[in-house]
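Okay, structure first, notes after.
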Amino acid sequence: MLRSQTKLMDMGRRQLPRLHRSMTKASNLTVVEMDDKTGIAMLTLNRPPVNSCNLELLQELHESIKQIECNKSRGLILTSSNDKVFSSGLDLNELYKPNQERLLAFWSTLQDLWLTLYQSSVPTAAAINGHALAVGCVLAAACEYRVMLPGFSIGIHATKFGYVVPPFIMMSYLSVLPRRIAERALLQGKLFTTEEALEVNLIDEVADSKSEALCKCAEFIGSFEKTQPEARALTKRQFRAPDVQLLINDPEGQLRESLEYINTPLFQQGLEEYLAKLKSKNRK
Amino acid sequence: MLRSQTKLMDMGRRQLPRLHRSMTKASNLTVVEMDDKTGIAMLTLNRPPVNSCNLELLQELHESIKQIECNKSRGLILTSSNDKVFSSGLDLNELYKPNQERLLAFWSTLQDLWLTLYQSSVPTAAAINGHALAVGCVLAAACEYRVMLPGFSIGIHATKFGYVVPPFIMMSYLSVLPRRIAERALLQGKLFTTEEALEVNLIDEVADSKSEALCKCAEFIGSFEKTQPEARALTKRQFRAPDVQLLINDPEGQLRESLEYINTPLFQQGLEEYLAKLKSKNRK
Amino acid sequence: MLRSQTKLMDMGRRQLPRLHRSMTKASNLTVVEMDDKTGIAMLTLNRPPVNSCNLELLQELHESIKQIECNKSRGLILTSSNDKVFSSGLDLNELYKPNQERLLAFWSTLQDLWLTLYQSSVPTAAAINGHALAVGCVLAAACEYRVMLPGFSIGIHATKFGYVVPPFIMMSYLSVLPRRIAERALLQGKLFTTEEALEVNLIDEVADSKSEALCKCAEFIGSFEKTQPEARALTKRQFRAPDVQLLINDPEGQLRESLEYINTPLFQQGLEEYLAKLKSKNRK
């Protein structure tokens with residue numbers, strides 16, 4: 001099924017308008033820069049102060065990734081404009097006492113974004129130049145390669161604020177970590193230091209600076225130089241197909257379940273307490 | 001689906017009678033002791049001489065685990081009163097020339113016990129203070145953490161007495177070991193030394209004494225202190241859901257298949273020879 | 001379901017004619033030699049110059065493996081008569097501008113061969129005494145154990161000539177490698193050196209000579225001495241059942257999809273370029 005899509009991909013390629021190789025899409029929330037020499041697109045998270053993902057950031061990320069794919073880039077590097085925080089995760093304001101219509105758009109964009117990044121036809125890598133928490137870690141894990149700077153934390157700490165992650169977020173961990181380690185980390189809401197993350201292969205390399213991290217990501221993308229791009233893309237899709245099955249077969253069901261959970265008094269109360277703790281911590 | 005159970009869990013919590021924190025349930029075959037300070041329940045296998053699992057032991061284990069869950073314990077530690085043998089596995093007398101009615105109760109209790117332990121809402125750990133053979137290993141592997149004393153053996157050696165383990169027992173291994181190692185160990189009927197078990201992560205730590213093992217188990221359970229218990233429990237259930245699907249969707253089919261196999265002349269004959277060998281070995 | 005096959009296997013055993021233990025099946029393309037002392041069958045790939053798999057070699061391999069199983073051998077060792085190349089993979093002439101009838105026979109034999117080897121009732125090991133490329137690697141990975149000589153390459157480099165491997169070939173990697181490593185190696189079309197292959201456990205041991213490799217394979221097969229052969233065989237089938245489900249449930253669908261892909265202009269063109277490159281390389 002997947003492999004017979006080749007013809008379509010081939011047709012699609014011919015019909016796509018040739019976008020400018022040196023296009024720079026700058027907006028408030030994400031920046032896309034193309035390296036003319038390498039053909040690699042750098043996608044920068046740029047929502048101060050800590051790249052917490054609200055609806056608008058998720059939408060821009062989704063659009064940017066689709067554009068980079070259409071643009072026949074040779075690869076995509078995800079990074080942050082903030083040198084302390086890659087991403088703090090979802091903007092909890094989107095989850096706390098949410099407007100239902102916005103919540104629906106928010107969560108469905110998250111699902112679409114993850115699918116698009118996880119199945120992206122181009123090679124993907126994350127230059128993790130700061131803390132990557134919750135969905136920050138999920139986005140990095142959806143890439144094919146991860147380089148991280150020392151002294152930061154990465155992980156999915158949802159159980160600490162009473163959140164039960166949906167299956168596609170579990171998959172993020174399982175696609176990278178051994179099952180035993182993935183389960184324990186999820187249950188503990190563990191945040192790994194850079195060193196711990198390297199030890200369990202949640203990240204692939206450590207770099208001393210952002211520019212070194214970007215270099216290592218570009219090297220990884222360069223490792224596909226001798227492969228045929230279409231065959232690579234279809235092999236990736238097929239390899240990852242079992243992981244996305246649930247979300248592709250029943251996106252509404254998965255969405256509904258997430259929204260229901262977010263609206264439970266149990267979760268809302270836990271979130272309230274967590275937000276209060278954060279606030280008092282920040283005051284000190 | 002799983003996450004929408006939250007409301008039910010929440011209701012259940014309110015309706016459950018508050019049991020005595022310091023309840024001690026002592027019977028012939030298992031002992032449950034609550035640590036008032038830590039809130040952790042210790043469940044001790046206590047069927048001399050070697051904790052071989054007959055119907056009654058399985059039943060008591062199952063009841064004890066359910067009770068510990070209802071009792072809002074902070075965790076469960078499984079251990080043995082025998083300082084040489086954690087458990088020798090199933091009582092082979094239950095399998096050899098079995099009374100069919102008792103066999104049915106026996107195997108269905110084993111299935112229920114495994115499901116209950118594997119999906120237990122509280123953090124679980126095994127302090128393996130002696131040999132853990134066959135179902136002894138399966139029970140330990142169903143916990144979330146394993147600490148073992150040196151000088152003992154652990155593993156599923158079913159192929160050595162002609163037994164083909166059912167899928168849920170394969171899952172015990174696969175939930176902890178890499179696939180390659182799980183397959184080979186199952187096919188060889190391999191018993192791991194404590195050191196080998198640590199090497200492949202079948203166990204998580206080695207302790208020099210039972211009390212040290214209990215301490216390390218309690219420390220592991222303490223690692224969940226900052227997580228919300230309901231979110232932790234639901235995340236665990238959801239993570240482990242694919243592993244229990246077969247047994248939950250078709251318990252009768254799984255049961256029937258196991259009983260059929262146990263009743264084959266091939267298995268009965270192999271078991272007879274194995275029991276004869278054990279007998280002559282014990283005589284020497 | 002699997003375990004209830006025991007009775008059939010048992011019956012089958014009684015009805016099978018007892019073949020000569022010392023039978024030697026010699027043909028042009030494979031050689032089967034029985035070791036009367038150990039009861040182990042050695043199956044040698046013998047198609048000069050580089051054991052590239054054409055239809056006839058696949059057919060002989062398939063027949064030989066079935067014969068070894070029927071012959072109640074204690075184990076099977078797969079090796080090569082060429083001391084530089086274990087197998088160069090599929091004969092690309094079978095794929096380039098193919099005769100459709102022959103292509104159908106070719107690919108369906110490949111599917112059957114893989115299924116037969118992967119689920120073989122006897123213990124299987126590969127003594128990899130040369131490069132094992134593409135299907136050469138797949139055959140080795142379908143065995144239960146791999147010993148390799150230093151200085152050679154092993155891997156599935158399909159993306160390099162534009163081929164998208166079918167799910168059963170992905171399974172070959174996934175049955176041995178961690179998911180993260182399997183995906184990356186497939187996408188890169190990576191060929192591992194002997195040392196790299198040992199590092200990621202794509203092979204189990206390194207041996208300095210073919211005879212040492214054969215010894216180590218025989219030792220591995222000897223590790224099942226104390227297991228009951230029927231229980232071992234059924235446990236293996238059950239353990240590997242999820243991996244072969246797709247190919248067993250829908251062999252025609254899987255076949256059709258592979259043939260369709262092979263016939264795409266995209267693949268044919270990529271193959272043409274690859275063959276041209278090989279040719280000019282060989283000329284130099």
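Ordered as shown in the structure tokens, chains take letters A, B, and onward, while each chain numbers its residues from 1 and ligands are numbered from 1 in the order shown.
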Pull out every residue of chain C that has at least one atom within 6 Å of chain B, counting only C-alpha atoms, and report them as a list of chain:residue names.
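Written out as asked, the residues are C:Val176, C:Phe224, C:Thr227, C:Gln228, C:Ala231, C:Arg232, C:Thr235.
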Restricting it to all heavy atoms, dump the selection as a PDB file, in the first residue's frame.
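To be explicit, this is the file written out as again16.pdb:
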ATOM      1  N   VAL C 176      16.247  -8.550  15.564  1.00  0.00           N
ATOM      2  CA  VAL C 176      17.603  -8.638  16.096  1.00  0.00           C
ATOM      3  C   VAL C 176      18.075  -7.309  16.695  1.00  0.00           C
ATOM      4  O   VAL C 176      18.686  -7.273  17.755  1.00  0.00           O
ATOM      5  CB  VAL C 176      18.580  -9.078  14.980  1.00  0.00           C
ATOM      6  CG1 VAL C 176      19.988  -9.120  15.500  1.00  0.00           C
ATOM      7  CG2 VAL C 176      18.181 -10.434  14.419  1.00  0.00           C
ATOM      8  N   PHE C 224      20.859 -26.244  23.109  1.00  0.00           N
ATOM      9  CA  PHE C 224      19.461 -26.684  23.231  1.00  0.00           C
ATOM     10  C   PHE C 224      19.364 -28.163  23.596  1.00  0.00           C
ATOM     11  O   PHE C 224      18.279 -28.735  23.629  1.00  0.00           O
ATOM     12  CB  PHE C 224      18.710 -26.428  21.915  1.00  0.00           C
ATOM     13  CG  PHE C 224      18.638 -24.977  21.568  1.00  0.00           C
ATOM     14  CD1 PHE C 224      19.443 -24.431  20.591  1.00  0.00           C
ATOM     15  CD2 PHE C 224      17.777 -24.142  22.263  1.00  0.00           C
ATOM     16  CE1 PHE C 224      19.395 -23.081  20.297  1.00  0.00           C
ATOM     17  CE2 PHE C 224      17.718 -22.791  21.978  1.00  0.00           C
ATOM     18  CZ  PHE C 224      18.531 -22.260  20.992  1.00  0.00           C
ATOM     19  N   THR C 227      16.757 -29.325  26.034  1.00  0.00           N
ATOM     20  CA  THR C 227      15.369 -28.919  25.841  1.00  0.00           C
ATOM     21  C   THR C 227      14.637 -29.983  25.036  1.00  0.00           C
ATOM     22  O   THR C 227      15.244 -30.754  24.309  1.00  0.00           O
ATOM     23  CB  THR C 227      15.274 -27.579  25.080  1.00  0.00           C
ATOM     24  OG1 THR C 227      15.810 -27.759  23.769  1.00  0.00           O
ATOM     25  CG2 THR C 227      16.053 -26.488  25.785  1.00  0.00           C
ATOM     26  N   GLN C 228      13.316 -30.001  25.197  1.00  0.00           N
ATOM     27  CA  GLN C 228      12.509 -30.936  24.425  1.00  0.00           C
ATOM     28  C   GLN C 228      12.279 -30.324  23.031  1.00  0.00           C
ATOM     29  O   GLN C 228      11.742 -29.216  22.923  1.00  0.00           O
ATOM     30  CB  GLN C 228      11.172 -31.134  25.137  1.00  0.00           C
ATOM     31  CG  GLN C 228      10.536 -32.475  24.826  1.00  0.00           C
ATOM     32  CD  GLN C 228       9.084 -32.482  25.214  1.00  0.00           C
ATOM     33  OE1 GLN C 228       8.390 -31.466  25.068  1.00  0.00           O
ATOM     34  NE2 GLN C 228       8.622 -33.613  25.696  1.00  0.00           N
ATOM     35  N   ALA C 231       8.755 -28.848  22.127  1.00  0.00           N
ATOM     36  CA  ALA C 231       8.412 -27.649  22.902  1.00  0.00           C
ATOM     37  C   ALA C 231       9.240 -26.456  22.413  1.00  0.00           C
ATOM     38  O   ALA C 231       8.730 -25.337  22.295  1.00  0.00           O
ATOM     39  CB  ALA C 231       8.653 -27.895  24.387  1.00  0.00           C
ATOM     40  N   ARG C 232      10.497 -26.699  22.111  1.00  0.00           N
ATOM     41  CA  ARG C 232      11.355 -25.640  21.575  1.00  0.00           C
ATOM     42  C   ARG C 232      10.797 -25.108  20.260  1.00  0.00           C
ATOM     43  O   ARG C 232      10.673 -23.898  20.052  1.00  0.00           O
ATOM     44  CB  ARG C 232      12.777 -26.195  21.340  1.00  0.00           C
ATOM     45  CG  ARG C 232      13.903 -25.160  21.363  1.00  0.00           C
ATOM     46  CD  ARG C 232      15.105 -25.635  20.559  1.00  0.00           C
ATOM     47  NE  ARG C 232      14.888 -25.351  19.160  1.00  0.00           N
ATOM     48  CZ  ARG C 232      15.290 -24.240  18.545  1.00  0.00           C
ATOM     49  NH1 ARG C 232      15.977 -23.338  19.187  1.00  0.00           N
ATOM     50  NH2 ARG C 232      14.993 -24.044  17.275  1.00  0.00           N
ATOM     51  N   THR C 235       7.543 -23.174  20.781  1.00  0.00           N
ATOM     52  CA  THR C 235       7.819 -21.899  21.448  1.00  0.00           C
ATOM     53  C   THR C 235       8.388 -20.898  20.439  1.00  0.00           C
ATOM     54  O   THR C 235       7.991 -19.733  20.416  1.00  0.00           O
ATOM     55  CB  THR C 235       8.804 -22.110  22.621  1.00  0.00           C
ATOM     56  OG1 THR C 235       8.232 -23.050  23.538  1.00  0.00           O
ATOM     57  CG2 THR C 235       9.077 -20.812  23.356  1.00  0.00           C
TER      58      THR C 235
END
Which residues of region 136-223 of chain C sit at most 8 Å from region 69-91 of chain C, using only C-alpha atoms? Give each one's shortest atom pair and distance in Å (one decimal place), in chain and ascending residue order, as a tab-separated table.
residue	atom	partner	partner_atom	distance
C:Gly136	CA	C:Ser87	CA	4.7
C:Cys137	CA	C:Gly89	CA	7.7
C:Ala140	CA	C:Leu78	CA	7.7
C:Phe152	CA	C:Lys84	CA	8.0
C:Leu214	CA	C:Ile77	CA	7.5
C:Cys217	CA	C:Ile77	CA	6.8
C:Ala218	CA	C:Ile77	CA	7.8
C:Ile221	CA	C:Gly75	CA	6.1
Could you please take those selected residues and save N, CA and C atoms as a JSON list (two decimals), in the first residue's frame?
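To be explicit, this is the file written out as out22.json:
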[["chain", "number", "residue", "atom", "x", "y", "z"],
["C", 136, "GLY", "N", 21.34, -11.41, 1.61],
["C", 136, "GLY", "CA", 22.35, -12.18, 2.34],
["C", 136, "GLY", "C", 22.26, -11.91, 3.83],
["C", 137, "CYS", "N", 22.08, -10.65, 4.17],
["C", 137, "CYS", "CA", 21.91, -10.26, 5.57],
["C", 137, "CYS", "C", 20.56, -10.75, 6.11],
["C", 140, "ALA", "N", 20.76, -14.40, 7.04],
["C", 140, "ALA", "CA", 21.51, -14.57, 8.27],
["C", 140, "ALA", "C", 20.68, -14.13, 9.48],
["C", 152, "PHE", "N", 34.58, -8.05, 7.02],
["C", 152, "PHE", "CA", 33.52, -8.08, 6.01],
["C", 152, "PHE", "C", 32.39, -7.09, 6.36],
["C", 214, "LEU", "N", 32.08, -22.25, 12.31],
["C", 214, "LEU", "CA", 31.21, -23.43, 12.31],
["C", 214, "LEU", "C", 31.15, -24.06, 13.70],
["C", 217, "CYS", "N", 28.89, -21.99, 15.89],
["C", 217, "CYS", "CA", 27.50, -22.24, 15.53],
["C", 217, "CYS", "C", 27.03, -23.58, 16.12],
["C", 218, "ALA", "N", 27.90, -24.58, 16.03],
["C", 218, "ALA", "CA", 27.55, -25.90, 16.57],
["C", 218, "ALA", "C", 27.38, -25.84, 18.09],
["C", 221, "ILE", "N", 24.00, -24.42, 18.79],
["C", 221, "ILE", "CA", 22.98, -25.44, 18.58],
["C", 221, "ILE", "C", 23.00, -26.45, 19.73]]
Please compute the CA of Gln111 (chain B)-CA of Leu133 (chain B) distance, one decimal, in Å.
17.4 Å
Shell around region 103-106 of chain B at 10 Å using only C-alpha atoms, local window under 2 positions removed, as a PyMOL selection string
chain B and resi 53-59+90+94-101+108-111+255-256+258-259+262
Quick check for you: according to DSSP on this backbone, which residues of region 37-149 of chain C are classed as alpha helix (DSSP H)? Reply as a PyMOL selection string.
chain C and resi 55-70+100-118+135-142
